[in-house]
Amino acid sequence: MSPTEPNAVLRGGTSPYLPEVQRIRRVSDTDGTLKLLLGNRYEHFEPTGESELHQGVPLQVFRWIGSTQPAE
């Protein structure tokens, strides 16, 4: 697999800044919590043991677990 090919899909959350097309992405650490800055907050996703097929490629599912505000 190429280091730029998607390997994860993000599920859940309420952020209007994360359209469906951006939920398919490359994650460097598939064992740790993913923290994305979206708008004015961080959205947190944790890996699951689930996978979904996307264009014939299995992607690891990350589930939304909450959000936090950046420190000022």
# chains A, B, ... in the order shown; residues from 1 in each chain; ligands from 1

$ residues_around --residues "Ala71 in chain A" --least-positions-apart "2" --cutoff "10 Å" --atoms "only C-alpha atoms" --output "ChimeraX atom specification"
/A:41,68-69

$ select_by_dssp --residues "chain A" --states "strand (DSSP E)" --output "number ranges by chain"
A: 8-11, 24-25, 34-38, 41-54, 57-68

$ write_last_selection --atoms "N, CA, C and O atoms" --output "compact mmCIF listing (two decimals), in the first residue's frame"
# COMPACT_ATOMS: atom_id res chain seq x y z
N ALA A 8 -8.23 4.58 6.31
CA ALA A 8 -9.18 4.76 7.41
C ALA A 8 -10.42 5.50 6.94
O ALA A 8 -10.39 6.27 5.97
N VAL A 9 -11.51 5.25 7.64
CA VAL A 9 -12.76 5.98 7.44
C VAL A 9 -13.22 6.48 8.81
O VAL A 9 -13.15 5.73 9.79
N LEU A 10 -13.64 7.73 8.89
CA LEU A 10 -14.07 8.35 10.14
C LEU A 10 -15.58 8.32 10.22
O LEU A 10 -16.26 8.77 9.30
N ARG A 11 -16.11 7.81 11.32
CA ARG A 11 -17.55 7.69 11.51
C ARG A 11 -17.99 8.44 12.76
O ARG A 11 -17.30 8.45 13.77
N ILE A 24 -12.71 9.77 4.36
CA ILE A 24 -11.83 8.72 3.84
C ILE A 24 -10.44 9.35 3.78
O ILE A 24 -10.22 10.32 3.07
N ARG A 25 -9.50 8.82 4.55
CA ARG A 25 -8.19 9.47 4.64
C ARG A 25 -7.08 8.51 5.02
O ARG A 25 -7.34 7.37 5.38
N LEU A 34 -7.04 9.66 16.88
CA LEU A 34 -6.81 10.66 15.84
C LEU A 34 -7.43 11.98 16.31
O LEU A 34 -8.58 12.01 16.76
N LYS A 35 -6.69 13.06 16.23
CA LYS A 35 -7.13 14.38 16.67
C LYS A 35 -7.04 15.33 15.49
O LYS A 35 -5.95 15.59 14.98
N LEU A 36 -8.20 15.82 15.01
CA LEU A 36 -8.26 16.69 13.84
C LEU A 36 -8.75 18.07 14.23
O LEU A 36 -9.77 18.19 14.91
N LEU A 37 -8.06 19.11 13.80
CA LEU A 37 -8.53 20.48 14.01
C LEU A 37 -9.52 20.79 12.89
O LEU A 37 -9.17 20.82 11.72
N LEU A 38 -10.77 21.00 13.28
CA LEU A 38 -11.83 21.31 12.33
C LEU A 38 -12.59 22.52 12.84
O LEU A 38 -13.21 22.46 13.91
N ARG A 41 -12.42 23.73 16.83
CA ARG A 41 -12.24 22.69 17.85
C ARG A 41 -11.53 21.48 17.26
O ARG A 41 -11.42 21.33 16.04
N TYR A 42 -11.06 20.63 18.15
CA TYR A 42 -10.47 19.35 17.75
C TYR A 42 -11.53 18.28 17.85
O TYR A 42 -12.25 18.19 18.85
N GLU A 43 -11.62 17.46 16.82
CA GLU A 43 -12.50 16.29 16.84
C GLU A 43 -11.61 15.07 17.07
O GLU A 43 -10.56 14.93 16.46
N HIS A 44 -12.04 14.21 17.99
CA HIS A 44 -11.26 13.03 18.37
C HIS A 44 -11.95 11.76 17.89
O HIS A 44 -13.16 11.59 18.09
N PHE A 45 -11.18 10.89 17.26
CA PHE A 45 -11.67 9.61 16.75
C PHE A 45 -10.74 8.51 17.25
O PHE A 45 -9.53 8.66 17.23
N GLU A 46 -11.33 7.39 17.70
CA GLU A 46 -10.49 6.28 18.14
C GLU A 46 -10.68 5.09 17.21
O GLU A 46 -11.76 4.88 16.65
N PRO A 47 -9.61 4.31 17.05
CA PRO A 47 -9.69 3.16 16.15
C PRO A 47 -10.60 2.07 16.72
O PRO A 47 -10.73 1.93 17.94
N THR A 48 -11.22 1.34 15.83
CA THR A 48 -12.04 0.19 16.21
C THR A 48 -11.47 -1.05 15.53
O THR A 48 -10.55 -0.94 14.71
N GLY A 49 -12.01 -2.17 15.84
CA GLY A 49 -11.60 -3.41 15.18
C GLY A 49 -12.40 -3.65 13.91
O GLY A 49 -12.26 -4.69 13.27
N GLU A 50 -13.23 -2.68 13.52
CA GLU A 50 -14.08 -2.81 12.34
C GLU A 50 -13.36 -2.31 11.09
O GLU A 50 -12.44 -1.51 11.18
N SER A 51 -13.84 -2.78 9.94
CA SER A 51 -13.35 -2.25 8.67
C SER A 51 -14.54 -2.13 7.72
O SER A 51 -15.56 -2.80 7.89
N GLU A 52 -14.38 -1.26 6.73
CA GLU A 52 -15.38 -1.06 5.68
C GLU A 52 -14.66 -1.10 4.34
O GLU A 52 -13.54 -0.61 4.23
N LEU A 53 -15.33 -1.65 3.34
CA LEU A 53 -14.76 -1.65 2.00
C LEU A 53 -15.06 -0.31 1.32
O LEU A 53 -16.19 0.17 1.37
N HIS A 54 -14.04 0.26 0.72
CA HIS A 54 -14.19 1.49 -0.06
C HIS A 54 -13.45 1.28 -1.37
O HIS A 54 -12.23 1.13 -1.39
N VAL A 57 -11.17 -1.64 -1.28
CA VAL A 57 -10.05 -1.61 -0.33
C VAL A 57 -10.61 -1.56 1.09
O VAL A 57 -11.46 -0.70 1.39
N PRO A 58 -10.16 -2.46 1.98
CA PRO A 58 -10.63 -2.39 3.37
C PRO A 58 -10.01 -1.20 4.10
O PRO A 58 -8.81 -0.98 4.05
N LEU A 59 -10.86 -0.40 4.76
CA LEU A 59 -10.42 0.75 5.54
C LEU A 59 -10.79 0.53 7.00
O LEU A 59 -11.90 0.09 7.31
N GLN A 60 -9.88 0.84 7.89
CA GLN A 60 -10.15 0.72 9.32
C GLN A 60 -11.12 1.82 9.73
O GLN A 60 -10.98 2.98 9.34
N VAL A 61 -12.11 1.46 10.55
CA VAL A 61 -13.11 2.42 11.02
C VAL A 61 -12.60 3.08 12.30
O VAL A 61 -12.17 2.41 13.24
N PHE A 62 -12.66 4.42 12.32
CA PHE A 62 -12.40 5.22 13.51
C PHE A 62 -13.71 5.85 13.92
O PHE A 62 -14.41 6.44 13.09
N ARG A 63 -14.07 5.75 15.19
CA ARG A 63 -15.33 6.30 15.71
C ARG A 63 -15.07 7.58 16.47
O ARG A 63 -14.12 7.68 17.24
N TRP A 64 -15.95 8.55 16.29
CA TRP A 64 -15.88 9.83 17.00
C TRP A 64 -16.11 9.60 18.49
O TRP A 64 -17.03 8.87 18.87
N ILE A 65 -15.27 10.21 19.32
CA ILE A 65 -15.44 10.06 20.77
C ILE A 65 -15.63 11.39 21.48
O ILE A 65 -15.88 11.42 22.67
N GLY A 66 -15.52 12.49 20.76
CA GLY A 66 -15.75 13.79 21.37
C GLY A 66 -14.92 14.88 20.73
O GLY A 66 -14.17 14.64 19.79
N SER A 67 -15.08 16.08 21.28
CA SER A 67 -14.32 17.22 20.77
C SER A 67 -13.83 18.06 21.94
O SER A 67 -14.36 17.99 23.04
N THR A 68 -12.79 18.82 21.67
CA THR A 68 -12.20 19.73 22.66
C THR A 68 -11.87 21.04 21.98
O THR A 68 -11.70 21.11 20.77

$ atom_distance --atom1 "CA of Gly32 in chain A" --atom2 "CA of Thr14 in chain A"
21.0 Å

$ select_by_dssp --residues "chain A" --states "helix (DSSP H, G or I)" --output "short mmCIF file (atom, residue, chain, number, x, y, z; two decimals) with all heavy atoms, in the first residue's frame"
data_model
loop_
_atom_site.label_atom_id
_atom_site.label_comp_id
_atom_site.auth_asym_id
_atom_site.auth_seq_id
_atom_site.Cartn_x
_atom_site.Cartn_y
_atom_site.Cartn_z
N GLU A 20 -18.43 14.11 3.95
CA GLU A 20 -18.21 12.67 3.73
C GLU A 20 -16.94 12.39 2.94
O GLU A 20 -16.20 11.47 3.25
CB GLU A 20 -19.44 12.07 3.02
CG GLU A 20 -19.47 10.57 3.02
CD GLU A 20 -19.58 9.95 4.41
OE1 GLU A 20 -20.20 10.55 5.30
OE2 GLU A 20 -19.04 8.84 4.59
N VAL A 21 -16.66 13.19 1.94
CA VAL A 21 -15.47 12.96 1.10
C VAL A 21 -14.17 13.08 1.91
O VAL A 21 -13.18 12.44 1.59
CB VAL A 21 -15.47 13.91 -0.12
CG1 VAL A 21 -15.26 15.35 0.29
CG2 VAL A 21 -14.45 13.47 -1.14
N GLN A 22 -14.15 13.86 2.99
CA GLN A 22 -12.95 14.01 3.81
C GLN A 22 -12.86 12.96 4.92
O GLN A 22 -11.88 12.93 5.65
CB GLN A 22 -12.89 15.41 4.41
CG GLN A 22 -12.67 16.46 3.37
CD GLN A 22 -12.60 17.85 3.97
OE1 GLN A 22 -12.49 18.03 5.18
NE2 GLN A 22 -12.68 18.85 3.12
N ARG A 23 -13.87 12.12 5.04
CA ARG A 23 -13.84 11.07 6.08
C ARG A 23 -13.01 9.86 5.64
O ARG A 23 -12.66 9.03 6.45
CB ARG A 23 -15.26 10.65 6.43
CG ARG A 23 -16.00 11.74 7.17
CD ARG A 23 -17.43 11.35 7.45
NE ARG A 23 -18.09 12.37 8.23
CZ ARG A 23 -18.13 12.41 9.56
NH1 ARG A 23 -17.56 11.46 10.26
NH2 ARG A 23 -18.76 13.38 10.19
#

$ atom_distance --atom1 "CA of Pro3 in chain A" --atom2 "CA of Pro19 in chain A"
22.6 Å

$ atom_distance --atom1 "CA of Asn40 in chain A" --atom2 "CA of Glu5 in chain A"
27.5 Å
